[in-house]
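Participant: What follows is model_9.txt, made up of compact mmCIF, C-alpha atoms and all ligand atoms:
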# COMPACT_ATOMS: atom_id res chain seq x y z
CA MET A 1 -2.81 29.23 1.33
CA LYS A 2 -4.74 27.84 -1.57
CA ALA A 3 -8.28 26.54 -2.01
CA TRP A 4 -10.07 24.19 -4.40
CA ARG A 5 -13.79 24.25 -5.12
CA ALA A 6 -15.22 20.89 -6.23
CA SER A 7 -17.20 17.96 -4.90
CA ILE A 8 -15.11 16.63 -2.03
CA LEU A 9 -15.00 13.06 -0.75
CA TYR A 10 -13.53 12.34 2.67
CA PHE A 11 -14.06 10.24 5.77
CA ALA A 12 -15.84 11.84 8.66
CA GLY A 13 -13.49 10.75 11.42
CA PRO A 14 -12.31 7.82 13.48
CA ALA A 15 -15.61 7.37 15.32
CA GLN A 16 -17.54 6.71 12.12
CA ALA A 17 -14.67 4.70 10.60
CA HIS A 18 -15.50 4.11 6.95
CA GLN A 19 -18.41 6.51 6.72
CA ALA A 20 -17.68 8.59 3.62
CA VAL A 21 -18.98 12.12 3.11
CA LEU A 22 -19.44 13.77 -0.28
CA GLU A 23 -19.64 17.53 -0.02
CA SER A 24 -21.22 18.23 -3.40
CA ASP A 25 -20.21 21.90 -3.56
CA GLY A 26 -17.19 21.82 -1.30
CA LEU A 27 -14.10 23.81 -0.52
CA LEU A 28 -10.73 22.35 0.40
CA VAL A 29 -8.29 24.85 1.91
CA THR A 30 -4.61 23.98 2.23
CA GLY A 31 -1.68 25.86 3.70
CA PRO A 32 1.85 25.27 4.92
CA ASP A 33 2.67 24.06 8.43
CA ALA A 34 5.74 25.26 10.36
CA GLN A 35 7.99 23.01 8.22
CA GLY A 36 6.49 24.30 4.98
CA ARG A 37 4.55 21.10 4.33
CA GLN A 38 1.11 21.67 2.83
CA ARG A 39 -1.69 20.48 5.10
CA VAL A 40 -5.45 20.63 4.99
CA GLN A 41 -6.61 23.73 6.87
CA ALA A 42 -10.33 23.30 6.32
CA VAL A 43 -12.79 21.15 4.40
CA GLY A 44 -16.54 21.53 4.08
CA ALA A 45 -19.37 23.25 2.24
CA TYR A 46 -18.29 26.11 -0.02
CA SER A 47 -21.11 28.30 1.27
CA GLN A 48 -19.88 27.94 4.85
CA LEU A 49 -16.14 28.20 4.31
CA ALA A 50 -15.92 30.82 1.54
CA PRO A 51 -16.49 33.86 3.82
CA ARG A 52 -13.83 32.64 6.29
CA PHE A 53 -11.21 32.24 3.53
CA ALA A 54 -12.26 35.22 1.41
CA GLY A 55 -8.71 36.29 0.48
CA VAL A 56 -7.48 32.84 -0.52
CA PRO A 57 -7.15 32.10 -4.26
CA VAL A 58 -9.64 29.42 -5.33
CA GLU A 59 -9.18 26.97 -8.17
CA GLN A 60 -12.59 26.11 -9.62
CA LEU A 61 -12.91 22.44 -10.53
CA SER A 62 -16.47 22.23 -11.62
CA GLY A 63 -17.77 18.73 -12.28
CA ARG A 64 -14.73 17.22 -10.58
CA ILE A 65 -14.40 15.19 -7.38
CA ILE A 66 -11.51 15.75 -4.98
CA ALA A 67 -10.71 12.63 -2.93
CA PRO A 68 -7.87 11.58 -0.63
CA GLY A 69 -4.75 10.29 -2.40
CA PHE A 70 -4.65 6.49 -2.34
CA VAL A 71 -2.42 4.49 -0.01
CA ASP A 72 -0.90 1.31 -1.46
CA MET A 73 0.07 -0.89 1.48
CA HIS A 74 2.21 -3.38 -0.43
CA ILE A 75 3.94 -3.12 -3.80
CA HIS A 76 7.29 -4.18 -5.28
CA TYR A 77 9.13 -1.53 -7.23
CA PRO A 78 11.60 -4.01 -8.80
CA GLN A 79 8.62 -5.95 -10.19
CA LEU A 80 7.49 -3.19 -12.51
CA ASP A 81 8.14 -5.46 -15.50
CA VAL A 82 6.96 -8.67 -13.82
CA ILE A 83 3.28 -7.72 -14.15
CA GLY A 84 1.36 -10.29 -16.15
CA SER A 85 3.97 -13.08 -15.97
CA PRO A 86 2.06 -16.36 -15.88
CA ALA A 87 3.10 -19.26 -13.64
CA ASP A 88 1.50 -22.20 -11.90
CA GLY A 89 1.68 -20.42 -8.58
CA LEU A 90 3.79 -18.30 -6.28
CA LEU A 91 6.94 -20.42 -5.99
CA PRO A 92 7.51 -21.08 -9.72
CA TRP A 93 6.59 -17.45 -10.40
CA LEU A 94 9.33 -16.28 -8.02
CA GLU A 95 11.92 -18.60 -9.61
CA SER A 96 11.04 -17.99 -13.25
CA TYR A 97 10.33 -14.28 -13.32
CA THR A 98 10.72 -12.41 -10.07
CA PHE A 99 14.24 -13.27 -8.97
CA PRO A 100 15.72 -12.81 -12.48
CA HIS A 101 14.05 -9.39 -12.77
CA GLU A 102 15.15 -8.28 -9.32
CA LYS A 103 18.75 -9.22 -10.15
CA ARG A 104 18.82 -6.32 -12.63
CA PHE A 105 18.59 -3.90 -9.70
CA GLU A 106 22.19 -4.58 -8.71
CA VAL A 107 23.02 -1.90 -11.31
CA PRO A 108 22.39 1.54 -9.76
CA GLU A 109 21.55 3.21 -13.09
CA TYR A 110 18.95 0.54 -13.81
CA SER A 111 17.44 1.06 -10.35
CA ALA A 112 17.31 4.82 -10.84
CA GLN A 113 15.60 4.54 -14.21
CA ALA A 114 13.04 2.06 -12.87
CA ALA A 115 12.41 4.22 -9.80
CA THR A 116 11.52 7.17 -12.03
CA VAL A 117 9.01 5.12 -14.01
CA PHE A 118 7.62 3.45 -10.89
CA ILE A 119 6.90 6.66 -9.01
CA ALA A 120 5.47 8.36 -12.08
CA GLU A 121 3.13 5.40 -12.50
CA LEU A 122 1.99 5.57 -8.86
CA LEU A 123 1.21 9.27 -9.18
CA ARG A 124 -0.53 8.85 -12.53
CA ASN A 125 -2.83 6.36 -10.81
CA GLY A 126 -3.50 8.58 -7.81
CA VAL A 127 -1.33 6.76 -5.28
CA THR A 128 0.30 9.28 -2.95
CA THR A 129 1.60 6.97 -0.21
CA ALA A 130 3.35 3.72 -1.08
CA PHE A 131 4.72 0.95 1.09
CA SER A 132 7.10 -0.80 -1.26
CA PHE A 133 9.63 -3.58 -1.33
CA ALA A 134 12.93 -2.68 -2.99
CA SER A 135 15.32 -5.46 -4.09
CA SER A 136 18.07 -6.98 -1.94
CA HIS A 137 20.57 -4.43 -3.31
CA PRO A 138 21.05 -1.32 -1.16
CA ALA A 139 21.47 0.72 -4.35
CA SER A 140 17.85 -0.04 -5.24
CA VAL A 141 16.73 1.45 -1.93
CA ASN A 142 18.81 4.58 -2.41
CA ALA A 143 17.43 5.03 -5.92
CA LEU A 144 13.81 4.70 -4.82
CA PHE A 145 14.15 7.00 -1.81
CA ALA A 146 15.96 9.61 -3.90
CA GLU A 147 13.23 9.65 -6.54
CA ALA A 148 10.44 9.73 -3.94
CA GLN A 149 12.17 12.66 -2.26
CA THR A 150 12.37 14.52 -5.57
CA ARG A 151 8.66 13.94 -6.25
CA SER A 152 7.64 14.54 -2.57
CA LEU A 153 5.91 11.15 -2.44
CA ARG A 154 5.31 9.66 1.00
CA LEU A 155 7.20 6.41 0.66
CA ILE A 156 8.22 3.59 2.97
CA THR A 157 10.65 1.01 1.62
CA GLY A 158 13.53 -1.22 2.60
CA LYS A 159 16.25 -3.53 1.40
CA VAL A 160 14.94 -7.06 1.00
CA LEU A 161 16.56 -9.58 3.33
CA MET A 162 17.04 -12.97 1.61
CA ASP A 163 20.10 -15.00 2.56
CA GLN A 164 18.89 -18.49 1.55
CA ASN A 165 16.85 -20.36 -1.03
CA ALA A 166 17.51 -17.67 -3.62
CA PRO A 167 19.83 -17.56 -6.64
CA ASP A 168 23.15 -15.76 -6.97
CA GLY A 169 22.67 -12.11 -7.72
CA VAL A 170 19.75 -11.61 -5.34
CA ARG A 171 20.83 -13.70 -2.33
CA ASP A 172 22.51 -11.58 0.33
CA ASP A 173 24.94 -12.18 3.17
CA THR A 174 23.42 -12.47 6.64
CA GLU A 175 25.68 -10.13 8.54
CA GLN A 176 26.17 -7.61 5.74
CA SER A 177 22.41 -7.50 5.07
CA LEU A 178 21.75 -6.36 8.62
CA LEU A 179 24.55 -3.80 8.55
CA ASP A 180 23.20 -2.47 5.25
CA SER A 181 19.68 -2.25 6.68
CA GLU A 182 20.85 -0.26 9.68
CA ALA A 183 22.90 2.11 7.54
CA LEU A 184 19.84 2.69 5.33
CA ILE A 185 17.66 3.37 8.39
CA GLN A 186 20.13 5.98 9.56
CA ARG A 187 20.37 7.59 6.16
CA TRP A 188 16.70 7.71 5.20
CA HIS A 189 14.21 7.01 7.99
CA GLY A 190 12.29 10.17 8.89
CA VAL A 191 13.92 12.30 6.19
CA ASP A 192 11.20 14.44 4.57
CA ARG A 193 8.30 12.10 3.83
CA LEU A 194 10.38 8.92 3.80
CA GLY A 195 10.31 5.96 6.16
CA TYR A 196 12.29 2.75 6.39
CA ALA A 197 10.85 -0.78 6.57
CA ILE A 198 12.91 -3.76 7.73
CA THR A 199 12.09 -6.20 4.93
CA PRO A 200 12.59 -9.94 5.40
CA ARG A 201 11.20 -11.31 2.10
CA PHE A 202 9.38 -14.29 3.66
CA VAL A 203 10.29 -17.11 6.01
CA PRO A 204 11.74 -19.51 3.37
CA SER A 205 14.20 -16.92 2.05
CA CYS A 206 15.65 -15.89 5.44
CA SER A 207 17.85 -17.93 7.76
CA ALA A 208 16.96 -18.01 11.44
CA ALA A 209 20.01 -15.79 12.07
CA GLN A 210 18.73 -13.22 9.58
CA LEU A 211 15.20 -13.23 11.03
CA ARG A 212 16.66 -12.91 14.53
CA GLY A 213 18.82 -9.99 13.40
CA ALA A 214 15.80 -8.35 11.76
CA GLY A 215 13.86 -8.67 15.02
CA GLU A 216 16.74 -7.17 17.00
CA LEU A 217 16.95 -4.27 14.59
CA ALA A 218 13.19 -3.75 14.92
CA ALA A 219 13.54 -3.65 18.71
CA ARG A 220 16.27 -1.03 18.46
CA TYR A 221 14.27 1.13 16.02
CA PRO A 222 10.66 0.91 17.26
CA ASP A 223 9.29 3.56 14.91
CA VAL A 224 10.72 1.89 11.82
CA TRP A 225 8.27 -0.28 9.87
CA ILE A 226 8.53 -4.02 9.13
CA GLN A 227 7.17 -5.65 5.98
CA SER A 228 7.01 -9.22 4.78
CA HIS A 229 4.72 -11.87 3.30
CA ALA A 230 2.69 -14.47 5.19
CA ALA A 231 0.42 -17.40 4.41
CA GLU A 232 -0.12 -16.56 0.75
CA ASN A 233 0.10 -19.96 -0.93
CA ARG A 234 -0.34 -23.56 0.20
CA ASP A 235 3.03 -24.79 -1.17
CA GLU A 236 4.77 -21.90 0.56
CA ILE A 237 3.06 -22.80 3.84
CA ALA A 238 4.08 -26.47 3.52
CA TRP A 239 7.67 -25.27 3.01
CA VAL A 240 7.54 -23.16 6.17
CA ARG A 241 6.16 -26.16 8.06
CA GLN A 242 9.19 -28.19 6.93
CA LEU A 243 11.57 -25.43 8.00
CA TYR A 244 9.88 -24.91 11.39
CA PRO A 245 8.14 -28.18 12.25
CA ASP A 246 7.63 -27.10 15.85
CA ALA A 247 5.97 -23.78 14.96
CA ARG A 248 2.23 -23.52 15.59
CA SER A 249 1.72 -21.58 12.37
CA TYR A 250 3.52 -19.60 9.67
CA LEU A 251 2.74 -16.31 11.39
CA SER A 252 4.01 -17.60 14.71
CA VAL A 253 7.51 -17.85 13.18
CA TYR A 254 7.53 -14.08 12.75
CA GLU A 255 6.28 -13.72 16.32
CA ARG A 256 9.12 -15.91 17.60
CA PHE A 257 11.66 -13.52 16.07
CA GLY A 258 10.04 -10.34 17.40
CA LEU A 259 8.63 -9.31 14.05
CA LEU A 260 4.97 -8.92 14.99
CA ARG A 261 4.28 -5.50 16.35
CA GLN A 262 2.70 -2.18 15.45
CA ARG A 263 4.01 -0.87 12.14
CA ALA A 264 4.55 -4.44 10.91
CA VAL A 265 2.69 -5.21 7.69
CA TYR A 266 2.20 -8.73 6.35
CA ALA A 267 1.02 -9.12 2.78
CA HIS A 268 -1.72 -11.66 2.03
CA CYS A 269 -2.54 -13.48 5.32
CA ILE A 270 -4.96 -15.70 3.40
CA HIS A 271 -4.49 -19.17 4.91
CA ILE A 272 -4.51 -18.21 8.58
CA ASP A 273 -6.68 -19.31 11.48
CA ASP A 274 -8.35 -17.47 14.33
CA GLU A 275 -5.31 -17.87 16.57
CA ASP A 276 -3.22 -16.12 13.94
CA ARG A 277 -5.85 -13.43 13.64
CA ALA A 278 -5.72 -12.92 17.39
CA LEU A 279 -1.93 -12.67 17.10
CA LEU A 280 -2.29 -9.91 14.52
CA GLN A 281 -4.89 -8.13 16.58
CA GLY A 282 -2.99 -8.40 19.85
CA SER A 283 0.37 -7.35 18.42
CA GLY A 284 -0.96 -4.43 16.37
CA ALA A 285 0.50 -5.89 13.17
CA ALA A 286 -1.53 -5.33 10.01
CA ALA A 287 -2.41 -7.32 6.91
CA ALA A 288 -2.06 -5.93 3.40
CA VAL A 289 -4.86 -7.42 1.30
CA CYS A 290 -3.71 -7.96 -2.29
CA PRO A 291 -6.72 -9.15 -4.29
CA THR A 292 -5.47 -8.78 -7.88
CA SER A 293 -2.32 -10.68 -6.97
CA ASN A 294 -4.22 -13.39 -5.12
CA LEU A 295 -6.58 -13.88 -8.06
CA PHE A 296 -3.77 -13.77 -10.66
CA LEU A 297 -1.47 -16.23 -8.87
CA GLY A 298 -4.37 -18.39 -7.72
CA SER A 299 -3.31 -17.97 -4.10
CA GLY A 300 -6.77 -17.84 -2.51
CA PHE A 301 -9.23 -15.40 -0.98
CA PHE A 302 -8.66 -13.12 2.00
CA ASP A 303 -11.33 -13.89 4.60
CA TYR A 304 -12.96 -10.52 5.25
CA ALA A 305 -15.59 -11.92 7.61
CA ALA A 306 -12.98 -13.50 9.88
CA ALA A 307 -10.82 -10.35 9.74
CA GLU A 308 -13.73 -8.15 10.78
CA ARG A 309 -14.57 -10.53 13.61
CA ALA A 310 -10.99 -10.61 14.90
CA GLY A 311 -10.63 -6.85 14.60
CA PHE A 312 -7.06 -6.66 13.32
CA GLN A 313 -5.98 -3.86 11.01
CA PHE A 314 -5.92 -4.35 7.27
CA GLY A 315 -5.98 -2.34 4.08
CA LEU A 316 -5.62 -2.69 0.33
CA ALA A 317 -2.55 -3.14 -1.79
CA SER A 318 -1.69 -3.75 -5.43
CA ASP A 319 1.23 -6.18 -4.87
CA VAL A 320 2.56 -5.34 -8.34
CA GLY A 321 4.04 -7.45 -9.99
CA GLY A 322 2.09 -10.43 -8.55
CA GLY A 323 -0.73 -7.90 -8.72
CA THR A 324 -1.91 -6.90 -12.15
CA SER A 325 -2.45 -3.15 -11.89
CA PHE A 326 -1.25 0.06 -10.29
CA SER A 327 -4.82 1.36 -10.36
CA PRO A 328 -6.56 1.57 -6.98
CA PHE A 329 -9.85 1.22 -8.86
CA HIS A 330 -8.81 -2.19 -10.19
CA THR A 331 -7.66 -3.23 -6.72
CA MET A 332 -10.92 -2.11 -5.09
CA LEU A 333 -12.95 -3.98 -7.72
CA ALA A 334 -10.92 -7.16 -7.19
CA ALA A 335 -11.43 -6.79 -3.43
CA TYR A 336 -15.14 -6.58 -4.09
CA TYR A 337 -14.99 -9.88 -6.01
CA VAL A 338 -13.04 -11.46 -3.16
CA GLY A 339 -15.63 -10.16 -0.70
CA ARG A 340 -18.38 -11.65 -2.88
CA GLU A 341 -16.65 -15.01 -2.65
CA GLY A 342 -16.97 -14.82 1.11
CA HIS A 343 -20.40 -13.22 0.89
CA SER A 344 -22.25 -15.95 2.75
CA LYS A 345 -19.83 -15.67 5.68
CA LEU A 346 -19.80 -11.89 5.72
CA GLY A 347 -23.57 -11.63 5.49
CA VAL A 348 -23.27 -8.58 3.25
CA SER A 349 -21.00 -7.61 0.35
CA LEU A 350 -18.23 -5.11 0.90
CA SER A 351 -19.70 -1.65 0.50
CA PRO A 352 -18.07 0.83 -1.87
CA GLN A 353 -17.40 3.13 1.08
CA SER A 354 -15.59 0.34 2.89
CA LEU A 355 -13.54 -0.52 -0.22
CA TRP A 356 -12.54 3.11 -0.69
CA TRP A 357 -11.69 3.44 3.01
CA GLN A 358 -9.49 0.34 2.86
CA HIS A 359 -7.40 2.02 0.16
CA THR A 360 -7.17 5.44 1.85
CA ALA A 361 -7.90 6.23 5.51
CA GLY A 362 -8.08 2.55 6.54
CA ALA A 363 -4.74 1.74 4.96
CA ALA A 364 -3.23 4.84 6.58
CA ARG A 365 -4.55 3.71 9.95
CA ALA A 366 -3.08 0.22 9.47
CA LEU A 367 0.30 1.82 8.73
CA GLY A 368 0.13 4.01 11.84
CA LEU A 369 -0.42 7.11 9.67
CA GLU A 370 -3.99 7.95 10.64
CA GLY A 371 -4.56 11.69 10.54
CA VAL A 372 -1.39 12.10 8.45
CA VAL A 373 -2.44 10.72 5.05
CA GLY A 374 -5.41 8.92 3.50
CA ASN A 375 -8.00 11.54 4.44
CA LEU A 376 -8.76 15.23 4.00
CA LEU A 377 -9.60 16.26 7.54
CA PRO A 378 -7.82 19.37 8.87
CA GLY A 379 -4.23 18.52 9.79
CA CYS A 380 -3.80 15.83 7.12
CA GLU A 381 -1.04 16.27 4.60
CA ALA A 382 -2.56 17.74 1.46
CA ASP A 383 -2.36 14.70 -0.82
CA PHE A 384 -5.37 14.35 -3.08
CA VAL A 385 -6.66 13.28 -6.46
CA VAL A 386 -8.88 15.22 -8.80
CA LEU A 387 -11.27 12.74 -10.40
CA ASN A 388 -13.13 13.44 -13.62
CA PRO A 389 -16.31 11.38 -13.62
CA GLN A 390 -16.77 12.24 -17.32
CA ALA A 391 -13.41 10.71 -18.23
CA THR A 392 -14.95 8.05 -20.48
CA PRO A 393 -18.35 7.93 -22.21
CA LEU A 394 -19.54 5.07 -20.03
CA LEU A 395 -18.33 6.69 -16.80
CA ALA A 396 -20.10 9.91 -17.79
CA ARG A 397 -23.40 8.09 -18.39
CA LYS A 398 -23.18 5.93 -15.32
CA THR A 399 -22.06 8.58 -12.82
CA ALA A 400 -24.71 11.01 -14.10
CA GLN A 401 -27.38 8.45 -13.19
CA ALA A 402 -26.02 7.74 -9.69
CA ALA A 403 -28.79 8.35 -7.17
CA SER A 404 -26.68 7.88 -4.04
CA LEU A 405 -23.10 8.13 -2.84
CA ASP A 406 -22.79 4.33 -2.94
CA GLU A 407 -23.93 4.25 -6.57
CA LEU A 408 -21.46 6.98 -7.50
CA LEU A 409 -18.55 5.25 -5.76
CA PHE A 410 -19.48 1.89 -7.27
CA ALA A 411 -19.59 3.39 -10.77
CA MET A 412 -16.05 4.70 -10.30
CA ILE A 413 -14.75 1.47 -8.71
CA VAL A 414 -16.17 -0.70 -11.48
CA LEU A 415 -15.48 1.54 -14.49
CA GLY A 416 -12.49 3.53 -13.26
CA ASP A 417 -8.80 3.35 -14.04
CA ASP A 418 -5.99 5.87 -14.61
CA ARG A 419 -8.22 7.87 -16.99
CA LEU A 420 -10.43 8.81 -14.05
CA VAL A 421 -7.49 10.47 -12.28
CA GLU A 422 -7.21 13.85 -13.93
CA LYS A 423 -4.59 15.16 -11.56
CA THR A 424 -2.67 14.07 -8.47
CA VAL A 425 -1.70 16.79 -6.03
CA ILE A 426 0.81 16.01 -3.33
CA SER A 427 1.75 17.87 -0.26
CA GLN A 428 4.62 19.85 -1.75
CA ALA A 429 4.67 19.55 -5.50
CA GLU A 430 2.03 19.32 -8.18
CA THR A 431 2.07 16.63 -10.81
CA SER A 432 -0.33 15.57 -13.50
N1 LIG B 1 6.56 -14.09 -1.31
C1 LIG B 1 7.90 -13.89 -1.29
N2 LIG B 1 8.28 -13.01 -2.21
C2 LIG B 1 7.15 -12.60 -2.83
C3 LIG B 1 6.89 -11.68 -3.89
O1 LIG B 1 7.77 -11.03 -4.44
N3 LIG B 1 5.58 -11.54 -4.25
C4 LIG B 1 4.58 -12.23 -3.65
N4 LIG B 1 3.33 -12.05 -4.08
N5 LIG B 1 4.81 -13.11 -2.68
C5 LIG B 1 6.08 -13.29 -2.27
ZN ZN B 2 4.47 -8.95 -2.28
Rewrite the coordinates I just gave you, this time as structure tokens.
Facilitator:
Amino acid sequence: MKAWRASILYFAGPAQAHQAVLESDGLLVTGPDAQGRQRVQAVGAYSQLAPRFAGVPVEQLSGRIIAPGFVDMHIHYPQLDVIGSPADGLLPWLESYTFPHEKRFEVPEYSAQAATVFIAELLRNGVTTAFSFASSHPASVNALFAEAQTRSLRLITGKVLMDQNAPDGVRDDTEQSLLDSEALIQRWHGVDRLGYAITPRFVPSCSAAQLRGAGELAARYPDVWIQSHAAENRDEIAWVRQLYPDARSYLSVYERFGLLRQRAVYAHCIHIDDEDRALLQGSGAAAAVCPTSNLFLGSGFFDYAAAERAGFQFGLASDVGGGTSFSPFHTMLAAYYVGREGHSKLGVSLSPQSLWWQHTAGAARALGLEGVVGNLLPGCEADFVVLNPQATPLLARKTAQAASLDELLFAMIVLGDDRLVEKTVISQAETS
């Protein structure tokens, strides 16, 4: 067993949802479970826990804040180098930058090298669970899983399905794509901290046969995840309407093919209506909110007020490379701006505790991983970040003046980036 003494931020439990607790002089005790995986054994006030764990070595982290590792609900590993590529909107951006970049991942060595950089970048930014697209090449999936396994990152990914409306080099073959997906499920799903996601790119890039096959695969493997995009951009939605003129909505196309269920995550869900929201809520599917991407590509604003009313699950995501940053602090700040946009509908702005929850325990819950990651309650896997609130002169000044937990969290959300993350500790290995 091992213990850390610091200020400790965590979420008090499902009943209080996004009620954060800051234990100012806290102790976090971790120890291996039966499989040797490090889990939280205890968290609380140092004065209360120290006598109980008297023999356990304690690392003193004075002036530091321990917080749950961040959960990124939607990111694209083959878009590492697409960040910051300007375009008029989603569809030209895909054509001009994204597809050409993803084509490079047909080369296994290229995939492996990018996977190393990608996972290092996640960890440097404090992300300890990632739900990522790979490219359409099975080799890209193998490369990413292999690297995540080496670094002990909790990672869910899958081979992108895209058998139409895509150029040579990234377009796949319907039947082979489904065989490849199933072989990858059998090889990787449930191995160590890895999980597979059936990954139809979005409705326009998949034939009806491919979507049907994806739905059948999902029915055969109910604990495998599903990930895709929905209702991000108005031109994209018009395209889906042309392809499925009889469909009630974009999201209903996924429903028709059996792709709305628990463990299904749809990025964006911006231009949806209350019937779609009820579909998400009723099916248990979740939305990944991608504010930096939505602002960068001019896609629109996620409607937080309507989401809260409908009660479906959602959480935060970077969506790199449509998104502009790996940093959860940048994503939380952008989500705050998006929430401000809808301020009059919401009645209040998004609180810093809610933003933080959406990127940790809330995201974990939306992925079906509540109590596993995204929090530091006993039983959770011991994934956490060590934050240094003195990391920059301005952070030091601002955090020193914080008179409440909300002020402290806001200071970090607004001024924070990778410099704030002094260290990322994951359940089996230590990195910095
Ligand atoms: N829709 C289909 N593919 C993509 C993608 O790679 N990024 C985003 N943001 N939207 C998409
Ligand atoms: Zn995306």
Participant: Each residue of chain A with at least one atom at most 10 Å from ligand ZN 2 (chain B) should appear once, together with its nearest atom pair and the corresponding distance in Å (one decimal); atoms considered: all atoms listed in the file; ordering: chain, then increasing residue number; output as a Markdown table.
Facilitator:
| residue | atom | partner | partner_atom | distance |
| --- | --- | --- | --- | --- |
| A:Met73 | CA | B:ZN2 | ZN | 9.9 |
| A:His74 | CA | B:ZN2 | ZN | 6.3 |
| A:Ile75 | CA | B:ZN2 | ZN | 6.0 |
| A:His76 | CA | B:ZN2 | ZN | 6.3 |
| A:Gln79 | CA | B:ZN2 | ZN | 9.4 |
| A:Ser132 | CA | B:ZN2 | ZN | 8.6 |
| A:Phe133 | CA | B:ZN2 | ZN | 7.5 |
| A:Arg201 | CA | B:ZN2 | ZN | 8.4 |
| A:Phe202 | CA | B:ZN2 | ZN | 9.4 |
| A:Gln227 | CA | B:ZN2 | ZN | 9.3 |
| A:Ser228 | CA | B:ZN2 | ZN | 7.5 |
| A:His229 | CA | B:ZN2 | ZN | 6.3 |
| A:Ala230 | CA | B:ZN2 | ZN | 9.5 |
| A:Glu232 | CA | B:ZN2 | ZN | 9.4 |
| A:Tyr266 | CA | B:ZN2 | ZN | 8.9 |
| A:Ala267 | CA | B:ZN2 | ZN | 6.1 |
| A:His268 | CA | B:ZN2 | ZN | 8.0 |
| A:Ala288 | CA | B:ZN2 | ZN | 9.2 |
| A:Cys290 | CA | B:ZN2 | ZN | 8.2 |
| A:Ser293 | CA | B:ZN2 | ZN | 8.4 |
| A:Ala317 | CA | B:ZN2 | ZN | 9.1 |
| A:Ser318 | CA | B:ZN2 | ZN | 8.7 |
| A:Asp319 | CA | B:ZN2 | ZN | 5.0 |
| A:Val320 | CA | B:ZN2 | ZN | 7.3 |
| A:Gly321 | CA | B:ZN2 | ZN | 7.9 |
| A:Gly322 | CA | B:ZN2 | ZN | 6.9 |
| A:Gly323 | CA | B:ZN2 | ZN | 8.3 |
Participant: Looking at all atoms listed in the file, which of A:Ala183, A:Met1, A:Leu9, A:Leu280 is the one that sits closest to A:Asn375?
Facilitator: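 Answer, going by the shortest atom-to-atom distance: A:Leu9.
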Participant: Taking all atoms listed in the file into account, which of A:Ser354, A:Ser299, A:Ser111, A:Ser152 comes nearest A:Gln38?
Facilitator: A:Ser152
Participant: Per residue of stretch 373-401 of chain A within 6 Å of stretch 68-71 of chain A, note the shortest atom pair and the distance in Å to one decimal, counting all atoms listed in the file, and order the rows by chain and increasing residue number, as CSV.
Facilitator:
residue,atom,partner,partner_atom,distance
A:Gly374,CA,A:Pro68,CA,5.5
A:Asn375,CA,A:Pro68,CA,5.1
A:Leu376,CA,A:Pro68,CA,6.0
A:Asp383,CA,A:Gly69,CA,5.3
A:Phe384,CA,A:Gly69,CA,4.2
A:Val385,CA,A:Gly69,CA,5.4
Participant: With distances taken over only C-alpha atoms, which of A:Leu49, A:Ala214, A:Cys206, A:Val191 is nearest to A:Leu179?
Facilitator: A:Ala214
